[in-house]
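For reference, structure-v5.cif is printed below; it contains mmCIF, C-alpha atoms.
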data_data
loop_
_atom_site.label_atom_id
_atom_site.label_comp_id
_atom_site.auth_asym_id
_atom_site.auth_seq_id
_atom_site.Cartn_x
_atom_site.Cartn_y
_atom_site.Cartn_z
CA MET Z 1 -43.00 -10.34 67.45
CA ALA Z 2 -40.94 -12.95 65.62
CA ASP Z 3 -37.16 -12.52 65.53
CA SER Z 4 -34.98 -12.07 62.43
CA ASN Z 5 -34.73 -15.83 61.81
CA THR Z 6 -38.46 -16.37 61.78
CA THR Z 7 -39.36 -13.26 59.82
CA SER Z 8 -37.23 -14.64 56.97
CA PHE Z 9 -39.94 -17.25 56.50
CA CYS Z 10 -42.27 -14.47 55.33
CA ASN Z 11 -40.18 -13.97 52.20
CA GLY Z 12 -41.47 -17.09 50.48
CA THR Z 13 -39.62 -19.91 52.24
CA THR Z 14 -41.74 -22.30 54.28
CA PRO Z 15 -39.58 -23.96 56.94
CA THR Z 16 -39.03 -27.68 57.24
CA THR Z 17 -39.83 -29.32 60.56
CA LYS Z 18 -36.13 -29.25 61.49
CA GLU Z 19 -35.80 -25.55 60.69
CA LEU Z 20 -39.01 -24.84 62.58
CA PHE Z 21 -37.85 -26.51 65.79
CA GLU Z 22 -34.50 -24.72 65.62
CA VAL Z 23 -36.24 -21.35 65.96
CA ILE Z 24 -39.40 -22.40 67.78
CA ASN Z 25 -38.44 -20.49 70.93
CA GLY Z 26 -38.39 -17.29 68.87
CA ILE Z 27 -41.98 -17.68 67.69
CA ASP Z 28 -44.37 -16.42 70.34
CA GLY Z 29 -47.14 -18.89 71.08
CA PHE Z 30 -46.21 -21.53 68.52
CA LYS Z 31 -44.88 -23.99 71.08
CA GLY Z 32 -48.18 -23.74 72.97
CA VAL Z 33 -50.08 -24.49 69.75
CA LEU Z 34 -48.06 -27.67 69.21
CA ILE Z 35 -48.51 -28.79 72.83
CA TYR Z 36 -52.25 -28.23 72.58
CA SER Z 37 -52.49 -30.23 69.35
CA GLY Z 38 -50.38 -33.03 70.85
CA ILE Z 39 -52.83 -33.36 73.76
CA VAL Z 40 -56.19 -32.85 72.04
CA THR Z 41 -55.73 -35.07 68.99
CA PRO Z 42 -54.89 -38.31 70.90
CA LEU Z 43 -57.89 -37.70 73.19
CA VAL Z 44 -60.21 -37.27 70.22
CA LEU Z 45 -58.82 -40.44 68.63
CA CYS Z 46 -59.43 -42.42 71.83
CA PHE Z 47 -63.08 -41.33 71.95
CA PHE Z 48 -63.39 -42.10 68.24
CA ALA Z 49 -62.01 -45.62 68.72
CA GLU Z 50 -64.52 -46.27 71.50
CA ALA Z 51 -67.35 -44.94 69.32
CA VAL Z 52 -66.32 -47.25 66.48
CA VAL Z 53 -66.43 -50.31 68.76
CA TYR Z 54 -69.79 -49.27 70.21
CA THR Z 55 -71.33 -48.64 66.78
CA ILE Z 56 -70.12 -51.96 65.39
CA LYS Z 57 -71.59 -53.84 68.32
CA ASN Z 58 -74.93 -52.04 68.56
CA ILE Z 59 -76.11 -50.99 65.08
CA PRO Z 60 -77.42 -54.12 63.37
CA TYR Z 61 -77.93 -52.67 59.87
CA SER Z 62 -74.69 -52.88 57.90
CA ASP Z 63 -75.34 -50.00 55.48
CA ARG Z 64 -76.41 -47.68 58.27
CA ARG Z 65 -73.48 -48.71 60.42
CA TYR Z 66 -71.06 -48.05 57.54
CA CYS Z 67 -72.44 -44.52 57.02
CA ILE Z 68 -72.30 -43.70 60.73
CA LEU Z 69 -68.67 -44.81 61.01
CA TRP Z 70 -67.65 -42.51 58.15
CA ILE Z 71 -69.48 -39.58 59.75
CA LEU Z 72 -68.01 -40.23 63.21
CA GLY Z 73 -64.54 -39.96 61.67
CA VAL Z 74 -64.90 -36.49 60.17
CA TYR Z 75 -63.81 -34.43 63.18
CA PRO Z 76 -61.03 -36.84 64.23
CA MET Z 77 -59.75 -36.60 60.65
CA PHE Z 78 -59.80 -32.80 60.89
CA CYS Z 79 -57.78 -33.03 64.14
CA VAL Z 80 -55.20 -35.45 62.70
CA THR Z 81 -54.64 -33.49 59.49
CA ALA Z 82 -54.46 -30.21 61.45
CA THR Z 83 -51.84 -31.63 63.82
CA VAL Z 84 -49.70 -32.96 60.97
CA GLY Z 85 -49.98 -29.66 59.11
CA LEU Z 86 -48.92 -27.66 62.19
CA PHE Z 87 -45.90 -29.85 62.88
CA ILE Z 88 -44.93 -29.95 59.18
CA PRO Z 89 -45.72 -26.50 57.69
CA ARG Z 90 -44.77 -27.57 54.17
CA ALA Z 91 -47.48 -30.24 54.32
CA ALA Z 92 -50.23 -27.80 55.37
CA GLY Z 93 -51.76 -27.64 51.88
CA LEU Z 94 -51.66 -31.42 51.48
CA CYS Z 95 -53.29 -31.89 54.90
CA THR Z 96 -56.07 -29.46 54.00
CA PHE Z 97 -56.62 -31.34 50.75
CA THR Z 98 -56.77 -34.68 52.61
CA ALA Z 99 -59.37 -33.36 55.06
CA ALA Z 100 -61.46 -31.98 52.18
CA ALA Z 101 -61.29 -35.29 50.32
CA TYR Z 102 -62.43 -37.18 53.43
CA PHE Z 103 -65.29 -34.77 53.98
CA ALA Z 104 -66.39 -35.30 50.38
CA VAL Z 105 -66.99 -38.97 51.23
CA VAL Z 106 -68.72 -38.01 54.49
CA LEU Z 107 -71.16 -35.72 52.68
CA PHE Z 108 -72.09 -38.53 50.32
CA GLU Z 109 -72.49 -40.99 53.21
CA PHE Z 110 -74.70 -38.55 55.11
CA LEU Z 111 -77.12 -38.30 52.18
CA HIS Z 112 -77.02 -42.09 51.94
CA LEU Z 113 -77.84 -42.27 55.66
CA ILE Z 114 -80.89 -40.03 55.18
CA LEU Z 115 -82.05 -42.30 52.36
CA ASP Z 116 -81.56 -45.28 54.65
CA TYR Z 117 -83.60 -43.64 57.43
CA PHE Z 118 -86.50 -43.20 55.02
CA GLY Z 119 -86.15 -46.69 53.57
CA GLY Z 120 -84.90 -45.71 50.12
CA LEU Z 121 -85.60 -43.16 47.40
CA ASN Z 122 -89.02 -44.61 46.59
CA ALA Z 123 -89.97 -44.26 50.25
CA ILE Z 124 -88.93 -40.59 50.25
CA ILE Z 125 -91.03 -39.87 47.17
CA GLN Z 126 -94.00 -41.72 48.65
CA ARG Z 127 -93.82 -39.97 52.03
CA MET Z 128 -93.34 -36.51 50.49
CA ARG Z 129 -95.77 -36.87 47.60
CA ASP Z 130 -98.03 -34.23 49.14
CA GLU Z 131 -95.18 -32.02 50.38
CA ARG Z 132 -94.35 -28.76 48.59
CA MET Z 133 -90.69 -27.96 49.16
CA LYS Z 134 -89.69 -24.31 49.59
CA ILE Z 135 -86.62 -22.83 47.97
CA ALA Z 136 -86.91 -19.63 50.02
CA ARG Z 137 -85.01 -20.88 53.06
CA PRO Z 138 -82.32 -19.30 55.22
CA PRO Z 139 -79.50 -18.38 55.18
CA LEU Z 140 -79.27 -17.18 51.58
CA LEU Z 141 -82.76 -17.23 50.08
CA CYS Z 142 -85.03 -16.49 53.04
CA LEU Z 143 -86.02 -13.08 51.61
CA PHE Z 144 -86.88 -14.43 48.14
CA ILE Z 145 -90.41 -15.49 49.03
CA PHE Z 146 -91.48 -15.25 45.38
CA LEU Z 147 -89.41 -18.31 44.47
CA PRO Z 148 -91.58 -21.26 43.43
CA LYS Z 149 -92.18 -24.40 45.45
CA PHE Z 150 -91.61 -27.84 43.98
CA ASP Z 151 -92.71 -31.42 44.53
CA MET Z 152 -90.38 -34.18 45.67
CA THR Z 153 -89.94 -36.26 42.54
CA ARG Z 154 -87.08 -38.52 41.55
CA ARG Z 155 -85.75 -35.81 39.23
CA ASN Z 156 -85.94 -33.06 41.85
CA PHE Z 157 -84.26 -35.24 44.43
CA HIS Z 158 -81.34 -35.87 42.09
CA ILE Z 159 -81.07 -32.13 41.41
CA LEU Z 160 -80.81 -31.49 45.18
CA GLU Z 161 -78.32 -34.32 45.50
CA VAL Z 162 -76.09 -32.89 42.76
CA ALA Z 163 -76.36 -29.40 44.29
CA VAL Z 164 -75.08 -30.77 47.61
CA LEU Z 165 -72.42 -33.15 46.31
CA GLN Z 166 -70.89 -30.73 43.78
CA VAL Z 167 -68.92 -29.17 46.64
CA ALA Z 168 -67.46 -32.59 47.41
CA PHE Z 169 -65.95 -32.55 43.92
CA LEU Z 170 -65.09 -28.87 43.46
CA ARG Z 171 -63.43 -28.33 46.83
CA PRO Z 172 -60.69 -30.99 46.45
CA LEU Z 173 -60.29 -30.04 42.79
CA THR Z 174 -59.68 -26.35 43.52
CA LEU Z 175 -57.26 -27.24 46.34
CA PHE Z 176 -55.38 -29.54 43.98
CA ILE Z 177 -55.15 -26.78 41.36
CA MET Z 178 -53.95 -24.29 43.98
CA GLU Z 179 -51.21 -26.67 45.12
CA LEU Z 180 -50.09 -27.24 41.54
CA LEU Z 181 -49.97 -23.50 40.87
CA THR Z 182 -48.10 -22.88 44.12
CA ILE Z 183 -45.47 -25.50 43.26
CA ASP Z 184 -45.16 -23.99 39.79
CA GLY Z 185 -44.68 -20.51 41.27
CA ARG Z 186 -47.89 -19.06 39.85
CA LEU Z 187 -49.22 -18.31 43.36
CA GLY Z 188 -45.90 -17.28 44.85
CA PRO Z 189 -45.25 -13.86 46.43
CA THR Z 190 -43.52 -12.58 43.30
CA SER Z 191 -46.21 -13.68 40.86
CA GLU Z 192 -48.13 -10.82 39.25
CA ASN Z 193 -51.39 -12.74 38.85
CA ALA Z 194 -51.28 -14.56 42.21
CA LEU Z 195 -53.87 -12.28 43.81
CA ILE Z 196 -56.38 -12.64 40.97
CA ILE Z 197 -55.91 -16.41 40.63
CA GLY Z 198 -56.16 -16.98 44.39
CA LEU Z 199 -59.24 -14.78 44.69
CA THR Z 200 -60.94 -16.54 41.77
CA LEU Z 201 -60.32 -20.05 43.11
CA ASN Z 202 -61.39 -19.16 46.64
CA SER Z 203 -64.50 -17.41 45.34
CA ILE Z 204 -65.40 -20.62 43.51
CA ILE Z 205 -65.05 -22.52 46.79
CA LEU Z 206 -67.26 -20.01 48.65
CA GLY Z 207 -69.93 -20.06 45.94
CA SER Z 208 -69.89 -23.84 45.76
CA SER Z 209 -70.16 -24.12 49.54
CA ALA Z 210 -73.06 -21.67 49.63
CA VAL Z 211 -75.00 -23.71 47.06
CA ALA Z 212 -74.33 -26.92 49.00
CA ILE Z 213 -75.42 -25.38 52.33
CA GLN Z 214 -78.60 -23.96 50.82
CA SER Z 215 -79.51 -27.24 49.09
CA LEU Z 216 -78.83 -29.24 52.23
CA LEU Z 217 -81.09 -26.93 54.24
CA ILE Z 218 -83.91 -27.21 51.69
CA PHE Z 219 -83.76 -30.99 52.00
CA PHE Z 220 -83.48 -30.77 55.79
CA TYR Z 221 -86.61 -28.63 56.23
CA ALA Z 222 -88.55 -31.00 53.97
CA SER Z 223 -87.43 -34.21 55.72
CA ARG Z 224 -87.48 -32.95 59.33
CA PRO Z 225 -91.17 -33.73 60.04
CA TYR Z 226 -90.67 -37.35 58.98
CA LEU Z 227 -87.38 -38.06 60.75
CA LYS Z 228 -87.88 -36.57 64.21
CA GLU Z 229 -87.32 -39.97 65.82
CA PHE Z 230 -83.84 -40.05 64.26
CA TYR Z 231 -82.79 -36.68 65.81
CA ILE Z 232 -82.21 -35.35 62.34
CA ALA Z 233 -81.91 -31.66 63.32
CA PRO Z 234 -78.74 -31.95 65.46
CA LYS Z 235 -77.25 -34.38 62.95
CA PHE Z 236 -77.72 -31.83 60.17
CA ILE Z 237 -76.06 -29.19 62.36
CA CYS Z 238 -73.00 -31.42 62.85
CA ILE Z 239 -72.61 -31.90 59.10
CA GLN Z 240 -73.26 -28.23 58.34
CA ALA Z 241 -70.58 -27.22 60.84
CA ALA Z 242 -68.09 -29.59 59.20
CA LEU Z 243 -68.94 -28.07 55.82
CA VAL Z 244 -68.30 -24.55 57.13
CA ILE Z 245 -65.05 -25.55 58.86
CA SER Z 246 -63.71 -27.48 55.89
CA ASN Z 247 -64.70 -25.12 53.07
CA VAL Z 248 -65.90 -21.66 54.07
CA GLN Z 249 -63.40 -20.97 56.84
CA ASN Z 250 -60.37 -21.96 54.78
CA ALA Z 251 -61.48 -19.96 51.74
CA LEU Z 252 -62.11 -16.81 53.80
CA LEU Z 253 -58.72 -17.10 55.54
CA ALA Z 254 -57.00 -17.60 52.19
CA ILE Z 255 -58.62 -14.42 50.81
CA LEU Z 256 -57.74 -12.42 53.95
CA THR Z 257 -54.15 -13.66 53.74
CA ARG Z 258 -53.85 -12.67 50.09
CA TYR Z 259 -54.97 -9.13 50.89
CA GLY Z 260 -52.60 -8.87 53.85
CA VAL Z 261 -55.31 -8.74 56.53
CA VAL Z 262 -53.76 -11.81 58.18
CA GLU Z 263 -50.22 -10.55 58.76
CA CYS Z 264 -47.07 -12.63 58.66
CA ASP Z 265 -46.50 -12.62 62.39
CA SER Z 266 -46.53 -14.90 65.43
CA PRO Z 267 -47.69 -17.54 66.00
CA PHE Z 268 -47.54 -18.33 62.24
CA PRO Z 269 -44.87 -16.16 60.56
CA PHE Z 270 -44.93 -18.22 57.34
CA MET Z 271 -46.12 -17.75 53.78
CA VAL Z 272 -48.60 -20.59 54.39
CA ARG Z 273 -50.07 -18.79 57.42
CA GLY Z 274 -53.55 -18.95 55.84
CA TYR Z 275 -53.39 -22.74 55.94
CA GLN Z 276 -51.81 -22.67 59.40
CA TRP Z 277 -54.53 -20.47 60.88
CA HIS Z 278 -57.17 -22.67 59.30
CA LEU Z 279 -55.60 -25.81 60.77
CA PHE Z 280 -55.25 -24.22 64.19
CA LEU Z 281 -58.87 -23.02 64.25
CA SER Z 282 -60.00 -26.45 63.04
CA LEU Z 283 -58.11 -27.98 65.95
CA ILE Z 284 -60.11 -25.80 68.34
CA GLU Z 285 -63.49 -26.24 66.66
CA SER Z 286 -63.33 -29.94 65.81
CA PRO Z 287 -63.12 -31.30 69.40
CA LEU Z 288 -66.05 -29.06 70.37
CA MET Z 289 -68.19 -30.27 67.46
CA PHE Z 290 -67.09 -33.86 68.02
CA ILE Z 291 -69.05 -33.88 71.31
CA PRO Z 292 -72.54 -33.48 69.76
CA THR Z 293 -71.47 -35.76 66.90
CA LEU Z 294 -70.76 -38.49 69.44
CA ILE Z 295 -73.98 -37.80 71.32
CA PHE Z 296 -76.29 -38.11 68.30
CA PHE Z 297 -74.48 -40.52 65.96
CA ARG Z 298 -72.94 -42.89 68.53
CA ARG Z 299 -76.19 -44.23 69.93
CA VAL Z 300 -78.85 -46.82 69.30
CA LYS Z 301 -81.83 -44.56 69.97
CA GLY Z 302 -82.07 -42.23 67.01
CA ASN Z 303 -80.34 -44.59 64.61
CA ILE Z 304 -82.76 -47.50 64.85
CA LEU Z 305 -86.27 -47.14 66.17
CA GLU Z 306 -86.44 -50.62 67.63
CA TYR Z 307 -84.38 -53.78 67.35
CA PRO Z 308 -85.67 -55.96 64.53
CA HIS Z 309 -85.83 -58.92 66.93
CA LYS Z 310 -86.47 -59.01 70.64
CA ASN Z 311 -83.57 -61.27 71.52
CA LEU Z 312 -80.35 -60.40 69.69
CA GLU Z 313 -77.00 -62.04 70.22
CA LEU Z 314 -73.55 -60.98 69.13
CA SER Z 315 -72.15 -63.19 66.40
CA SER Z 316 -68.90 -64.90 67.26
CA MET Z 317 -66.75 -63.02 64.72
CA PHE Z 318 -68.98 -59.94 64.78
CA VAL Z 319 -70.21 -58.55 61.65
CA GLY Z 320 -73.34 -57.35 63.34
CA LEU Z 321 -76.13 -58.75 65.39
CA ARG Z 322 -78.07 -61.88 64.69
CA SER Z 323 -81.20 -63.38 66.15
CA PRO Z 324 -81.13 -66.73 67.95
CA PRO Z 325 -81.92 -69.93 66.01
CA PRO Z 326 -85.59 -70.04 65.01
CA ARG Z 327 -87.98 -72.24 66.93
CA ARG Z 328 -90.64 -74.38 65.38
CA THR Z 329 -94.03 -72.74 65.68
CA GLN Z 330 -97.58 -73.35 64.55
CA ARG Z 331 -96.86 -71.33 61.42
CA GLU Z 332 -94.48 -73.99 60.14
CA VAL Z 333 -97.33 -76.45 59.68
CA GLU Z 334 -99.65 -73.89 58.09
CA PRO Z 335 -100.17 -73.78 54.32
CA ASP Z 336 -97.46 -71.74 52.58
CA GLY Z 337 -99.87 -69.04 51.41
CA LEU Z 338 -101.34 -68.47 54.87
CA ALA Z 339 -97.90 -68.42 56.56
CA LYS Z 340 -96.64 -65.90 54.01
CA LEU Z 341 -99.64 -63.66 54.58
CA ARG Z 342 -99.20 -63.76 58.36
CA ASN Z 343 -95.51 -62.90 58.03
CA GLU Z 344 -96.24 -59.94 55.78
CA ASN Z 345 -98.78 -58.58 58.25
CA ASP Z 346 -96.82 -59.16 61.46
CA VAL Z 347 -93.11 -58.72 60.82
CA ARG Z 348 -91.67 -55.20 60.91
CA SER Z 349 -88.03 -54.20 61.35
CA TYR Z 350 -88.64 -50.67 62.75
CA GLY Z 351 -85.45 -49.57 61.04
CA THR Z 352 -86.86 -46.87 58.77
CA ALA Z 353 -89.37 -44.05 58.92
CA MET Z 354 -91.64 -45.86 56.44
CA GLU Z 355 -92.16 -48.76 58.83
CA VAL Z 356 -93.37 -46.72 61.78
#

Translate this structure into C-alpha cells?
Amino acid sequence: MADSNTTSFCNGTTPTTKELFEVINGIDGFKGVLIYSGIVTPLVLCFFAEAVVYTIKNIPYSDRRYCILWILGVYPMFCVTATVGLFIPRAAGLCTFTAAAYFAVVLFEFLHLILDYFGGLNAIIQRMRDERMKIARPPLLCLFIFLPKFDMTRRNFHILEVAVLQVAFLRPLTLFIMELLTIDGRLGPTSENALIIGLTLNSIILGSSAVAIQSLLIFFYASRPYLKEFYIAPKFICIQAALVISNVQNALLAILTRYGVVECDSPFPFMVRGYQWHLFLSLIESPLMFIPTLIFFRRVKGNILEYPHKNLELSSMFVGLRSPPPRRTQREVEPDGLAKLRNENDVRSYGTAMEV
C-alpha cells in the first residue's frame, strides 16, 4: 500500500516529476515500472532505426517505402510516449493524445499501402468487380447474416474508407476535449457531471473504434484473396492490435477508473491512474507486437513481388534504387511504333497485385 505522502495524490493533485521521485520508494512497484520502461524503449528504438535503414535501402518504390516507414514507427511511438508519460505523470494525457494522433496518420498510410499493393483504386475496382462483399463479418456483425452484400464500387470504397478513418479524427478530438475539460475542472474529482461527461466521451471512442474495426475487417476479407503474396493477413493483425491498444484499451480503463474499479493504489496512486495503467500496459504490449510488425513490414518479400529490374544499384545519395545505365539494343533501331509495342508487352514491374 502507498504511504501517507503518496495517498495524498489521490485527492486530485498529480505529482510533478520532482515530487514523484521524492516519494518513489514509498510506491510499491513504481520504481520497477520506470526501470523496465528505461530498458525496453531504447531497445525498441534501436530495432526501429535498423528497420528504417533497411527499408530505405531495399524498397525501391517511394510511396510504398513512405507508408511502411510510418507503420514501422507506430509501436516505437507507443513506447516513447508511454515512457514519457510514466516519468512525467502530469503529461500522461498529452502523451496519450500524441500517440493517438500518430496512429491516425498510420491508419491512413496503411489504407494507402493497400491501394498501392493493388495498383490504385481503379485496380481494386477492376479486380473486385465480380466480388460481393459481406457486411456480416466478425467480431460485431457475424450473427447478422441477413445483412445485404455489396459490390466494390468507387462510392462503396469511399464509404469503407470514411468508416475506418473516422476514428483517426474522433479519437484525438475526444482526447483533446477531455484534456480541456480536465484543465477547466469539469472532469475533476469534485465535479458533479464528471462521471456522465467522461462516460459519454469514452463511449464515443469505443463506438468509433468498433465501427473502424468492423469496416477494416470487411475490407480485409474482401482483399485477402488478391493480396496473399503481400502477407496481408498478419499485417492487418498488426494494425488491428495497434487500434485496440490505442483506442479501446484506454477508453475501457478510463471508464473503469471513473467507476472506481481501478483503485487509487500502488503502483499508480494518482488521479491520472487510468492514463498511467494504459501507458504501462502499452509498454508491455507494444514491444511484443513490434516483433511481428518487423517480421512482415521490414522485408522485401511481401512488399514487392519482384525487383523491377534484374540488376539494381544503390544511388550515391540514396533516395532509392536505380537500374544501371541502359545499353543500346536492337530495339533502339526499330521503328518507334514497334519498339513501343514490344515494351508494352514485355516490361512489368511486379510491384502490384494487378501486374502478377

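One distance worth recording is that between CA of Leu147 (chain Z) and CA of Ser208 (chain Z), which is 20.3 Å.
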
**OP:** Do a neighbour search on His158 (chain Z) at 12 Å with all atoms listed in the file, toss out local chain neighbours closer than 5 positions, and write the hits as JSON, numbers by chain.
**Re:** {"Z": [111, 121, 125, 152, 153, 163, 164, 165, 166, 215, 219]}

Subject >> Neighbour list for Lys18 (chain Z) as a PyMOL selection string, cut-off 10 Å, all atoms listed in the file, skip fewer than 4 positions in-chain >> reply: chain Z and resi 22-24+87-88

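Minimum atom-to-atom distances from Z:Ala210, Z:Ile218, Z:Leu113, Z:Ile255 to Gly274 (chain Z) were compared using all atoms listed in the file, and the lowest value belongs to Z:Ile255.
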
Subject >> Pick from Z:Thr55, Z:Leu86, Z:Phe47, Z:Gly260 nearest to Phe21 (chain Z), counting all atoms listed in the file >> reply: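 Counting all atoms listed in the file, the residue closest to Phe21 (chain Z) is Z:Leu86.
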
Original post:
Evaluating the PyMOL selection byres ((chain Z and resi 90) around 8) on the displayed file yields which residues, as an MDAnalysis selection string?
Top reply: chainID Z and resid 14:16 85 88:89 91:93 272

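You will find CA of Ala254 (chain Z) at 18.4 Å from CA of Ile284 (chain Z).
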
Original post:
Using all atoms listed in the file, which of Z:Leu72, Z:Val162, Z:Ala101, Z:Cys95 sits nearest Leu294 (chain Z)?
Top reply: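 Closest to Leu294 (chain Z) of all the choices is Z:Leu72.
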
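Once the PyMOL selection byres ((chain Z and resi 105) around 10) is applied to this file, the selection holds Z:Cys67, Z:Trp70, Z:Ile71, Z:Val74, Z:Ala100, Z:Ala101, Z:Tyr102, Z:Phe103, Z:Ala104, Z:Val106, Z:Leu107, Z:Phe108, Z:Glu109, Z:Phe110, Z:Leu165, Z:Ala168, Z:Phe169.
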